[in-house]
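So this one's input.txt, compact mmCIF, C-alpha atoms:
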```txt
# COMPACT_ATOMS: atom_id res chain seq x y z
CA MET E 1492 -4.00 27.71 9.38
CA PRO E 1493 -6.21 28.64 6.41
CA GLU E 1494 -9.61 26.98 6.11
CA GLN E 1495 -8.98 26.04 2.49
CA PRO E 1496 -5.63 24.94 1.07
CA ILE E 1497 -3.64 27.39 -1.00
CA PHE E 1498 -2.93 25.71 -4.32
CA LEU E 1499 0.08 26.27 -6.55
CA THR E 1500 -2.17 27.96 -9.05
CA ARG E 1501 -5.83 28.70 -9.61
CA PRO E 1502 -7.35 28.88 -13.11
CA TYR E 1503 -8.23 32.36 -14.27
CA LEU E 1504 -11.85 32.46 -15.43
CA PRO E 1505 -13.65 35.43 -16.96
CA PRO E 1506 -16.96 36.70 -15.53
CA LEU E 1507 -19.56 33.96 -15.95
CA GLU E 1508 -22.16 36.38 -17.26
CA GLU E 1509 -19.85 37.18 -20.17
CA PHE E 1510 -19.54 33.50 -21.08
CA LEU E 1511 -23.27 32.77 -21.06
CA PRO E 1512 -24.01 34.37 -24.47
CA TYR E 1513 -21.36 32.10 -26.01
CA LEU E 1514 -23.07 29.07 -24.48
CA GLU E 1515 -26.45 30.25 -25.74
CA GLU E 1516 -25.05 30.52 -29.25
CA ILE E 1517 -23.65 26.98 -29.04
CA TRP E 1518 -27.01 25.67 -27.79
CA ALA E 1519 -28.82 27.45 -30.61
CA SER E 1520 -26.49 26.21 -33.36
CA ARG E 1521 -25.94 22.66 -31.98
CA ARG E 1522 -22.40 22.92 -33.39
CA LEU E 1523 -20.34 21.36 -30.62
CA THR E 1524 -17.15 20.40 -32.44
CA ASN E 1525 -15.64 19.63 -35.88
CA GLY E 1526 -14.34 23.12 -36.65
CA GLY E 1527 -17.41 25.14 -35.71
CA PRO E 1528 -17.65 28.94 -35.81
CA PHE E 1529 -16.02 29.57 -32.43
CA HIS E 1530 -13.14 27.28 -33.37
CA GLN E 1531 -12.55 29.26 -36.53
CA GLN E 1532 -12.85 32.61 -34.75
CA PHE E 1533 -10.56 31.59 -31.91
CA GLU E 1534 -7.91 30.19 -34.23
CA GLU E 1535 -7.72 33.46 -36.13
CA ALA E 1536 -7.87 35.65 -33.01
CA LEU E 1537 -5.12 33.59 -31.39
CA ARG E 1538 -2.97 33.76 -34.50
CA GLN E 1539 -3.23 37.54 -34.47
CA TYR E 1540 -2.60 37.83 -30.74
CA LEU E 1541 0.51 35.66 -30.93
CA GLY E 1542 1.71 37.25 -34.15
CA VAL E 1543 2.41 33.93 -35.88
CA PRO E 1544 1.62 32.64 -39.40
CA HIS E 1545 -0.53 29.61 -38.56
CA VAL E 1546 -2.21 28.07 -35.50
CA CYS E 1547 -3.73 24.59 -35.25
CA LEU E 1548 -6.00 24.15 -32.22
CA PHE E 1549 -6.08 20.93 -30.19
CA THR E 1550 -8.11 19.49 -27.34
CA ASN E 1551 -4.96 19.37 -25.19
CA GLY E 1552 -1.25 20.05 -25.39
CA THR E 1553 -0.13 16.43 -25.17
CA LEU E 1554 -2.09 15.42 -28.28
CA ALA E 1555 -0.69 18.52 -29.98
CA LEU E 1556 2.87 17.41 -29.18
CA MET E 1557 2.21 13.85 -30.33
CA THR E 1558 0.76 15.18 -33.58
CA ALA E 1559 3.66 17.59 -34.11
CA LEU E 1560 6.05 14.63 -34.11
CA GLN E 1561 3.82 12.80 -36.58
CA ALA E 1562 3.46 15.86 -38.80
CA LEU E 1563 7.22 16.11 -39.28
CA ARG E 1564 7.59 12.31 -39.57
CA ILE E 1565 10.03 12.13 -36.67
CA THR E 1566 11.54 8.69 -36.03
CA GLY E 1567 14.57 7.10 -34.35
CA GLU E 1568 16.03 9.25 -31.57
CA VAL E 1569 15.18 12.74 -30.36
CA ILE E 1570 17.37 14.81 -28.05
CA THR E 1571 15.40 16.33 -25.18
CA THR E 1572 15.56 17.47 -21.58
CA PRO E 1573 15.00 15.36 -18.47
CA TYR E 1574 13.81 18.45 -16.58
CA THR E 1575 10.20 18.94 -17.64
CA PHE E 1576 6.72 17.49 -17.23
CA ALA E 1577 6.46 13.81 -18.15
CA ALA E 1578 4.28 14.51 -21.21
CA THR E 1579 7.30 15.77 -23.16
CA ALA E 1580 9.03 12.39 -23.16
CA HIS E 1581 5.79 10.38 -23.13
CA ALA E 1582 4.85 11.92 -26.49
CA LEU E 1583 8.09 10.50 -27.88
CA LEU E 1584 7.46 6.99 -26.55
CA TRP E 1585 3.89 6.99 -27.87
CA ASN E 1586 5.37 7.67 -31.31
CA GLY E 1587 7.91 4.87 -30.98
CA ILE E 1588 10.78 7.36 -30.61
CA LYS E 1589 13.68 6.94 -28.20
CA PRO E 1590 14.38 10.02 -26.05
CA VAL E 1591 18.03 10.94 -25.57
CA PHE E 1592 18.44 13.06 -22.45
CA VAL E 1593 20.90 15.94 -22.27
CA ASP E 1594 21.66 17.97 -19.16
CA VAL E 1595 20.30 21.47 -18.51
CA ARG E 1596 21.71 24.86 -17.59
CA ARG E 1597 21.28 26.06 -14.03
CA ASP E 1598 20.52 29.66 -14.99
CA THR E 1599 17.52 28.77 -17.19
CA CYS E 1600 16.70 25.11 -16.38
CA ASN E 1601 16.69 24.60 -20.15
CA LEU E 1602 18.53 22.13 -22.36
CA ASP E 1603 22.26 22.95 -22.33
CA GLU E 1604 22.85 23.83 -25.95
CA GLU E 1605 26.58 23.19 -25.68
CA LEU E 1606 25.98 19.52 -24.82
CA VAL E 1607 23.53 18.77 -27.63
CA GLU E 1608 26.00 18.18 -30.44
CA ALA E 1609 27.81 15.40 -28.57
CA ALA E 1610 24.50 13.52 -28.15
CA ILE E 1611 23.75 13.34 -31.89
CA THR E 1612 23.92 9.89 -33.49
CA PRO E 1613 23.04 8.58 -36.97
CA ARG E 1614 19.54 7.82 -35.60
CA THR E 1615 18.88 11.38 -34.37
CA THR E 1616 16.10 13.11 -36.28
CA ALA E 1617 15.11 16.04 -34.07
CA ILE E 1618 15.76 18.18 -31.02
CA LEU E 1619 12.87 18.72 -28.59
CA PRO E 1620 13.77 21.50 -26.13
CA VAL E 1621 11.41 22.95 -23.52
CA HIS E 1622 11.19 26.65 -22.65
CA CYS E 1623 11.10 25.69 -18.97
CA TYR E 1624 9.04 28.05 -16.78
CA GLY E 1625 8.79 30.24 -19.89
CA ASN E 1626 12.54 30.93 -19.91
CA PRO E 1627 13.75 31.12 -23.53
CA CYS E 1628 16.07 28.41 -24.80
CA ALA E 1629 19.24 29.34 -26.68
CA ASP E 1630 17.38 29.23 -29.99
CA GLU E 1631 20.11 30.62 -32.26
CA ARG E 1632 22.60 27.94 -31.20
CA LEU E 1633 20.02 25.14 -31.28
CA GLN E 1634 18.87 26.19 -34.74
CA GLN E 1635 22.47 26.25 -35.93
CA ILE E 1636 22.98 22.69 -34.70
CA ALA E 1637 19.70 21.54 -36.24
CA ASP E 1638 20.63 23.07 -39.60
CA THR E 1639 24.15 21.63 -39.56
CA TYR E 1640 22.95 18.07 -38.93
CA GLY E 1641 19.67 18.21 -40.86
CA LEU E 1642 17.51 17.85 -37.75
CA LYS E 1643 14.04 19.17 -37.01
CA LEU E 1644 13.65 21.58 -34.10
CA ILE E 1645 10.36 21.25 -32.22
CA TYR E 1646 9.76 23.39 -29.14
CA ASP E 1647 7.64 22.26 -26.23
CA ALA E 1648 6.36 25.75 -25.52
CA ALA E 1649 3.72 24.74 -22.96
CA HIS E 1650 4.92 27.40 -20.50
CA THR E 1651 5.42 30.28 -22.91
CA PHE E 1652 2.05 31.88 -23.69
CA GLY E 1653 2.68 35.61 -24.13
CA VAL E 1654 6.45 35.40 -23.57
CA THR E 1655 8.54 37.57 -25.87
CA VAL E 1656 12.24 38.23 -26.42
CA ASP E 1657 13.03 41.76 -27.61
CA GLY E 1658 9.39 42.06 -28.62
CA HIS E 1659 9.28 38.82 -30.62
CA SER E 1660 7.23 35.78 -29.63
CA LEU E 1661 9.12 32.62 -28.67
CA LEU E 1662 6.64 30.81 -30.89
CA GLU E 1663 8.38 32.13 -33.98
CA GLN E 1664 11.27 29.76 -33.25
CA GLY E 1665 11.89 26.26 -34.57
CA ASP E 1666 10.00 24.19 -37.13
CA LEU E 1667 7.02 23.82 -34.79
CA ALA E 1668 6.08 25.09 -31.33
CA VAL E 1669 3.51 23.39 -29.12
CA LEU E 1670 1.34 25.23 -26.59
CA SER E 1671 -0.78 24.03 -23.68
CA PHE E 1672 -3.99 25.71 -22.54
CA HIS E 1673 -4.45 23.43 -19.54
CA ALA E 1674 -6.31 24.80 -16.52
CA THR E 1675 -3.00 25.34 -14.70
CA LYS E 1676 -1.51 27.54 -17.42
CA VAL E 1677 -1.38 31.33 -17.73
CA PHE E 1678 -3.95 31.11 -20.53
CA ASN E 1679 -6.49 28.31 -20.31
CA THR E 1680 -9.41 26.93 -22.29
CA PHE E 1681 -10.30 24.43 -19.53
CA GLU E 1682 -8.09 21.93 -21.36
CA GLY E 1683 -6.56 22.72 -24.73
CA GLY E 1684 -3.46 23.23 -26.81
CA ALA E 1685 -2.13 24.32 -30.16
CA ILE E 1686 0.65 23.88 -32.68
CA VAL E 1687 2.23 26.95 -34.22
CA CYS E 1688 3.69 26.40 -37.69
CA HIS E 1689 5.10 28.52 -40.47
CA ASP E 1690 3.59 27.35 -43.75
CA ALA E 1691 0.13 26.55 -45.05
CA LYS E 1692 0.95 23.05 -46.35
CA LEU E 1693 2.18 21.89 -42.96
CA LYS E 1694 -0.88 23.38 -41.27
CA GLN E 1695 -3.08 21.42 -43.67
CA ARG E 1696 -1.26 18.18 -42.80
CA ILE E 1697 -1.63 18.87 -39.08
CA ASP E 1698 -5.33 19.63 -39.49
CA TYR E 1699 -5.79 16.31 -41.31
CA LEU E 1700 -3.87 14.40 -38.64
CA LYS E 1701 -5.92 15.80 -35.76
CA ASN E 1702 -9.17 14.75 -37.49
CA PHE E 1703 -8.51 11.04 -38.10
CA GLY E 1704 -6.61 11.86 -41.31
CA PHE E 1705 -9.78 12.87 -43.18
CA ALA E 1706 -9.28 15.25 -46.11
CA ASP E 1707 -12.98 15.05 -47.03
CA GLU E 1708 -15.92 12.71 -46.44
CA VAL E 1709 -14.38 9.79 -48.33
CA THR E 1710 -10.66 10.53 -48.42
CA VAL E 1711 -8.34 9.54 -45.57
CA VAL E 1712 -4.76 10.66 -46.19
CA ALA E 1713 -3.04 9.61 -42.95
CA PRO E 1714 -3.61 7.49 -39.81
CA GLY E 1715 -4.78 10.44 -37.75
CA ILE E 1716 -6.25 10.77 -34.27
CA ASN E 1717 -9.05 12.79 -32.70
CA GLY E 1718 -7.31 15.87 -31.36
CA LYS E 1719 -9.85 18.55 -32.28
CA MET E 1720 -10.71 21.39 -29.94
CA ASN E 1721 -14.45 21.65 -29.27
CA GLU E 1722 -16.65 24.74 -29.40
CA PHE E 1723 -16.85 25.16 -25.61
CA GLN E 1724 -13.06 25.36 -25.31
CA ALA E 1725 -12.79 27.67 -28.30
CA ALA E 1726 -15.50 30.01 -27.01
CA LEU E 1727 -13.77 30.27 -23.64
CA GLY E 1728 -10.49 30.94 -25.40
CA LEU E 1729 -12.00 33.80 -27.36
CA LEU E 1730 -13.24 35.39 -24.15
CA GLN E 1731 -10.01 34.71 -22.26
CA LEU E 1732 -8.03 36.70 -24.83
CA ASN E 1733 -9.78 39.81 -23.52
CA TYR E 1734 -8.26 39.26 -20.08
CA VAL E 1735 -4.91 37.58 -20.63
CA GLU E 1736 -2.79 40.75 -20.54
CA GLN E 1737 -4.44 41.74 -17.27
CA ALA E 1738 -3.75 38.29 -15.85
CA ILE E 1739 -0.10 38.34 -16.93
CA ALA E 1740 0.43 41.79 -15.42
CA ALA E 1741 -0.97 40.57 -12.08
CA ARG E 1742 1.27 37.50 -12.16
CA LEU E 1743 4.35 39.58 -12.89
CA GLU E 1744 3.61 41.82 -9.93
CA ILE E 1745 3.41 38.77 -7.67
CA ALA E 1746 6.70 37.48 -9.09
CA ARG E 1747 8.27 40.88 -8.43
CA ARG E 1748 7.12 40.76 -4.81
CA TYR E 1749 8.51 37.26 -4.32
CA ARG E 1750 11.82 38.15 -5.94
CA GLU E 1751 12.19 41.29 -3.85
CA ALA E 1752 11.24 39.62 -0.54
CA LEU E 1753 13.43 36.54 -0.97
CA ALA E 1754 16.51 38.25 -2.39
CA GLU E 1755 18.10 38.60 1.06
CA VAL E 1756 17.33 35.10 2.34
CA PRO E 1757 20.54 33.00 2.30
CA GLY E 1758 20.15 29.72 0.47
CA VAL E 1759 17.07 30.78 -1.54
CA GLU E 1760 17.89 31.35 -5.19
CA SER E 1761 15.39 32.68 -7.73
CA ILE E 1762 15.73 31.74 -11.40
CA PRO E 1763 16.74 34.95 -13.21
CA VAL E 1764 14.80 36.47 -16.10
CA ALA E 1765 17.14 37.31 -18.98
CA GLU E 1766 17.44 40.84 -20.32
CA GLY E 1767 14.94 41.61 -23.05
CA VAL E 1768 12.55 38.85 -21.96
CA ARG E 1769 8.93 39.69 -21.17
CA SER E 1770 7.95 36.82 -18.90
CA ASN E 1771 4.39 35.66 -18.24
CA GLY E 1772 4.61 34.85 -14.51
CA GLY E 1773 3.45 31.32 -15.11
CA TYR E 1774 5.67 29.83 -12.40
CA PHE E 1775 7.84 31.10 -9.58
CA PRO E 1776 10.53 28.48 -8.87
CA VAL E 1777 13.20 28.90 -6.21
CA LEU E 1778 16.20 26.69 -5.48
CA ILE E 1779 16.84 25.81 -1.84
CA GLY E 1780 20.60 25.52 -1.33
CA PRO E 1781 22.76 24.17 1.53
CA GLU E 1782 23.02 27.66 3.07
CA TYR E 1783 19.35 27.51 4.03
CA ALA E 1784 18.66 26.26 7.56
CA ILE E 1785 16.57 23.27 6.50
CA SER E 1786 16.42 21.06 3.41
CA ARG E 1787 14.11 21.57 0.46
CA ASP E 1788 11.95 18.65 1.52
CA GLN E 1789 11.74 19.86 5.12
CA LEU E 1790 10.64 23.27 3.84
CA TYR E 1791 8.14 21.56 1.53
CA ASP E 1792 6.71 19.74 4.56
CA GLU E 1793 6.48 23.01 6.51
CA PHE E 1794 4.45 24.60 3.74
CA ARG E 1795 2.20 21.56 3.61
CA ARG E 1796 1.62 21.75 7.39
CA ASN E 1797 0.32 25.25 6.73
CA SER E 1798 -1.94 24.00 3.89
CA ILE E 1799 0.17 25.77 1.28
CA LEU E 1800 0.50 23.30 -1.56
CA VAL E 1801 3.86 24.20 -3.06
CA ARG E 1802 5.18 21.77 -5.69
CA ARG E 1803 8.57 20.32 -6.55
CA TYR E 1804 8.37 20.98 -10.27
CA PHE E 1805 10.18 19.01 -11.67
CA TYR E 1806 10.96 16.19 -9.28
CA PRO E 1807 11.64 13.40 -9.91
CA LEU E 1808 13.35 13.88 -13.23
CA ILE E 1809 11.74 12.18 -16.22
CA SER E 1810 14.96 10.21 -16.58
CA ASP E 1811 14.37 8.70 -13.12
CA LEU E 1812 10.94 7.30 -14.02
CA PRO E 1813 10.76 3.50 -14.52
CA MET E 1814 10.09 3.62 -18.26
CA TYR E 1815 13.15 5.80 -18.91
CA ARG E 1816 15.80 4.97 -16.32
CA GLY E 1817 17.22 2.09 -18.39
CA ILE E 1818 18.15 4.43 -21.25
CA PRO E 1819 21.93 5.09 -21.14
CA SER E 1820 21.49 8.86 -21.37
CA ALA E 1821 19.21 8.77 -18.31
CA ALA E 1822 22.04 7.88 -15.92
CA PRO E 1823 22.28 10.55 -13.16
CA ALA E 1824 26.02 10.85 -13.82
CA ASN E 1825 25.16 12.22 -17.28
CA LEU E 1826 22.72 14.77 -15.82
CA PRO E 1827 24.42 16.39 -12.80
CA VAL E 1828 22.85 19.85 -13.13
CA ALA E 1829 19.32 18.58 -13.73
CA THR E 1830 19.71 16.14 -10.82
CA GLN E 1831 20.80 18.92 -8.47
CA ILE E 1832 18.05 21.32 -9.54
CA ALA E 1833 15.39 18.61 -9.13
CA ARG E 1834 16.57 18.09 -5.54
CA GLN E 1835 16.46 21.82 -4.76
CA VAL E 1836 13.47 23.25 -6.64
CA LEU E 1837 10.29 24.51 -5.03
CA CYS E 1838 7.56 26.29 -7.02
CA LEU E 1839 5.54 28.83 -5.07
CA PRO E 1840 1.83 29.66 -5.47
CA ILE E 1841 1.21 32.24 -8.16
CA TYR E 1842 -2.08 33.26 -9.77
CA PRO E 1843 -3.67 36.62 -10.61
CA ASP E 1844 -6.05 36.93 -7.65
CA ILE E 1845 -3.83 35.60 -4.89
CA GLU E 1846 -4.51 37.68 -1.79
CA ALA E 1847 -1.82 39.96 -0.37
CA ALA E 1848 -2.16 38.33 3.06
CA THR E 1849 -1.59 34.91 1.52
CA LEU E 1850 1.49 36.15 -0.27
CA GLU E 1851 2.89 37.53 2.98
CA GLN E 1852 2.15 34.25 4.76
CA ILE E 1853 4.15 32.34 2.12
CA ILE E 1854 7.08 34.75 2.40
CA ASP E 1855 6.95 34.64 6.19
CA ILE E 1856 7.46 30.86 6.21
CA PHE E 1857 10.80 31.35 4.43
CA TYR E 1858 11.90 33.77 7.15
CA ARG E 1859 10.59 31.67 10.06
CA SER E 1860 12.27 28.53 8.76
CA ARG E 1861 15.69 29.96 7.94
```
I need this file expressed as structure tokens, please.
Amino acid sequence: MPEQPIFLTRPYLPPLEEFLPYLEEIWASRRLTNGGPFHQQFEEALRQYLGVPHVCLFTNGTLALMTALQALRITGEVITTPYTFAATAHALLWNGIKPVFVDVRRDTCNLDEELVEAAITPRTTAILPVHCYGNPCADERLQQIADTYGLKLIYDAAHTFGVTVDGHSLLEQGDLAVLSFHATKVFNTFEGGAIVCHDAKLKQRIDYLKNFGFADEVTVVAPGINGKMNEFQAALGLLQLNYVEQAIAARLEIARRYREALAEVPGVESIPVAEGVRSNGGYFPVLIGPEYAISRDQLYDEFRRNSILVRRYFYPLISDLPMYRGIPSAAPANLPVATQIARQVLCLPIYPDIEAATLEQIIDIFYRSR
């Protein structure tokens, strides 16, 4: 048994000696927040790296998502997925919006685009899909539905940093896309997040909203919040951009090894990566089916006995949480695919510097337990 537990992920951090000059500059300037020089530099560098028109930086992804809903004046009901991290639906409730849950597709774990139209009511104002595990949603169909019914399309893109489809960033899709730079993500700024938008006027509104609604010293144009990214986060982000491609390449190699090693194990199903998609290796989920010798939860316990902290992302479903289960769309009968996936999923440890011996130990448990 390992002396230290093996976590699901471990934050990538650049060499400390490379970060120290940034800290010295912050100490010298005493600019800690409020759109300082590193914030401005990081926003532009990130915009160029992602290849998008506008980026608005935030202190975390949840505040970014809450602000995105405010920026587009979303009200009433929003169609979303039950199979995601709780923050997706929580951002709706915090804005006084009712989530309407629609089932997901088994091949992507994303919102089933063919079920969305039937969930639209006169109170629906937007669709909030999630690119789950970085797998692209069916954007063309979702955009068609949004356009037909006059709905906004906001992507929770927390898992998608660096993901492309046929060379194009997923962040080009929808009216807005929201990123997370949490410590557990492929690209981190300790905590952090961003909204990607497509026009300068909307960026200006978002920038007002994340700074208490202030347009200048004496003019407040909206009831904003404090969502600003500070200089420490921005400085780390600038440095992290130098290493992110290296980190993604390492993650993809680990994913390849997992996929190859588990392909012949009955009852262990990997989520496929669609043709033309450049993934980021942010997660490696597998589905444990009835053909496997033991249940998902028994296998989970076996990993835990070996101090390997696999996770059941995403279990329970958001729709099963107390604050949501009374919503009619949250009934398990309406969400059969999401319910089944949540009972089968197991996410395996994946991070750039995972040791080869650790990887083999994880794979060996699948073979020993089958």
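Across the structure, atom CA of E:His1545 and atom CA of E:Ala1691 are spaced 7.2 Å apart.
Here atom CA of E:Glu1851 and atom CA of E:Leu1778 stand 19.1 Å from one another.
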**Request:** Do a neighbour search on E:Asp1844 at 12 Å with only C-alpha atoms, toss out local chain neighbours closer than 3 positions, and write the hits as a list in words.
**Result:** Ile1497, Thr1500, Arg1501, Pro1502, Tyr1503, Leu1504, Gln1737, Ala1738, Ile1739, Ala1740, Ala1741, Arg1742, Leu1743, Glu1744, Ile1745, Pro1840, Ile1841, Ala1847, Ala1848, Thr1849 and Leu1850 of chain E
**Asked** What's the 9 Å shell around stretch 1750-1767 of chain E, counting all atoms listed in the file, without same-chain residues fewer than 2 positions away, as a ChimeraX atom specification?
**Response** /E:1597-1600,1626-1627,1655-1658,1745-1748,1769-1770,1775-1784,1854,1857-1858,1861
**Prompt:** So how many Å separate atom CA of E:Phe1703 and atom CA of E:Leu1670, to one decimal?
**Reply:** 20.8 Å
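Of the listed residues (E:Arg1696, E:Arg1834, E:His1650, E:His1689), E:His1650 comes nearest to E:Gly1552; the distances count all atoms listed in the file.
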**Asked** So which residues touch E:Leu1800 within 8 Å, counting all atoms listed in the file, skipping near sequence neighbours fewer than 3 positions away, as a PyMOL selection string?
**Response** chain E and resi 1496-1499+1794-1795+1840
**Pick from E:Gly1728, E:Gly1772, E:Pro1613, E:Gly1665, whichever lies nearest to E:Glu1535 using all atoms listed in the file** = E:Gly1728
**Distance criterion (only C-alpha atoms): nearest to E:Arg1564 out of E:Ala1713, E:Leu1729, E:Glu1708, E:Pro1620** = E:Ala1713
**Asked** Do you know which residues are at most 10 Å from stretch 1641-1647 of chain E counting all atoms listed in the file, after dropping those on the same chain fewer than 6 positions away, and could you put them as a PyMOL selection string?
**Response** chain E and resi 1552-1553+1555-1556+1559-1560+1563-1565+1569-1571+1575+1578-1579+1611+1615-1623+1628+1630+1633-1635+1661-1662+1664-1671+1686-1687
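Of the listed residues E:Ser1660, E:Thr1572, E:Tyr1749, E:Tyr1774, the one whose atoms come nearest to E:Gln1539 is E:Ser1660, with distances taken using all atoms listed in the file.
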**Prompt:** Closest to E:Met1814 among E:Thr1612, E:Met1557, E:Tyr1513, E:Lys1589, using only C-alpha atoms?
**Reply:** E:Lys1589
**Asked** Using all atoms listed in the file, which of E:Cys1547, E:Leu1554, E:Leu1727, E:Leu1839 sits nearest E:Pro1506?
**Response** E:Leu1727
**Item:** Shell around E:Gly1526 at 10 Å using all atoms listed in the file, local window under 2 positions removed, as a PyMOL selection string
**Value:** chain E and resi 1522-1524+1528-1532+1534+1548+1702+1719-1722+1725
Regenerate stretch 1673-1690 of chain E at the level of N, CA and C atoms and dump it as a CSV table (one decimal), in the frame of the given file.
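Output (rebuild_35.csv):
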```
chain,number,residue,atom,x,y,z
E,1673,HIS,N,-3.9,24.2,-20.7
E,1673,HIS,CA,-4.4,23.4,-19.5
E,1673,HIS,C,-4.9,24.4,-18.5
E,1674,ALA,N,-5.8,23.9,-17.6
E,1674,ALA,CA,-6.3,24.8,-16.5
E,1674,ALA,C,-5.2,25.4,-15.6
E,1675,THR,N,-4.1,24.8,-15.6
E,1675,THR,CA,-3.0,25.3,-14.7
E,1675,THR,C,-2.2,26.4,-15.4
E,1676,LYS,N,-2.4,26.6,-16.7
E,1676,LYS,CA,-1.5,27.5,-17.4
E,1676,LYS,C,-2.0,29.0,-17.3
E,1677,VAL,N,-1.1,29.9,-17.7
E,1677,VAL,CA,-1.4,31.3,-17.7
E,1677,VAL,C,-2.6,31.6,-18.5
E,1678,PHE,N,-2.8,31.0,-19.7
E,1678,PHE,CA,-4.0,31.1,-20.5
E,1678,PHE,C,-4.6,29.7,-20.6
E,1679,ASN,N,-5.9,29.6,-20.3
E,1679,ASN,CA,-6.5,28.3,-20.3
E,1679,ASN,C,-7.8,28.3,-21.1
E,1680,THR,N,-8.1,27.2,-21.7
E,1680,THR,CA,-9.4,26.9,-22.3
E,1680,THR,C,-10.0,25.7,-21.7
E,1681,PHE,N,-10.0,25.6,-20.3
E,1681,PHE,CA,-10.3,24.4,-19.5
E,1681,PHE,C,-9.1,23.5,-19.7
E,1682,GLU,N,-9.2,22.7,-20.8
E,1682,GLU,CA,-8.1,21.9,-21.4
E,1682,GLU,C,-7.9,22.5,-22.7
E,1683,GLY,N,-6.8,22.2,-23.4
E,1683,GLY,CA,-6.6,22.7,-24.7
E,1683,GLY,C,-5.1,22.8,-25.1
E,1684,GLY,N,-4.8,23.1,-26.3
E,1684,GLY,CA,-3.5,23.2,-26.8
E,1684,GLY,C,-3.5,23.7,-28.2
E,1685,ALA,N,-2.3,23.9,-28.8
E,1685,ALA,CA,-2.1,24.3,-30.2
E,1685,ALA,C,-0.7,24.0,-30.7
E,1686,ILE,N,-0.6,23.9,-32.0
E,1686,ILE,CA,0.6,23.9,-32.7
E,1686,ILE,C,0.8,25.1,-33.5
E,1687,VAL,N,1.9,25.8,-33.4
E,1687,VAL,CA,2.2,27.0,-34.2
E,1687,VAL,C,3.2,26.5,-35.3
E,1688,CYS,N,2.8,26.8,-36.6
E,1688,CYS,CA,3.7,26.4,-37.7
E,1688,CYS,C,3.8,27.6,-38.6
E,1689,HIS,N,4.7,27.4,-39.7
E,1689,HIS,CA,5.1,28.5,-40.5
E,1689,HIS,C,4.7,28.5,-41.9
E,1690,ASP,N,4.0,27.4,-42.4
E,1690,ASP,CA,3.6,27.4,-43.8
E,1690,ASP,C,2.3,26.6,-43.9
```
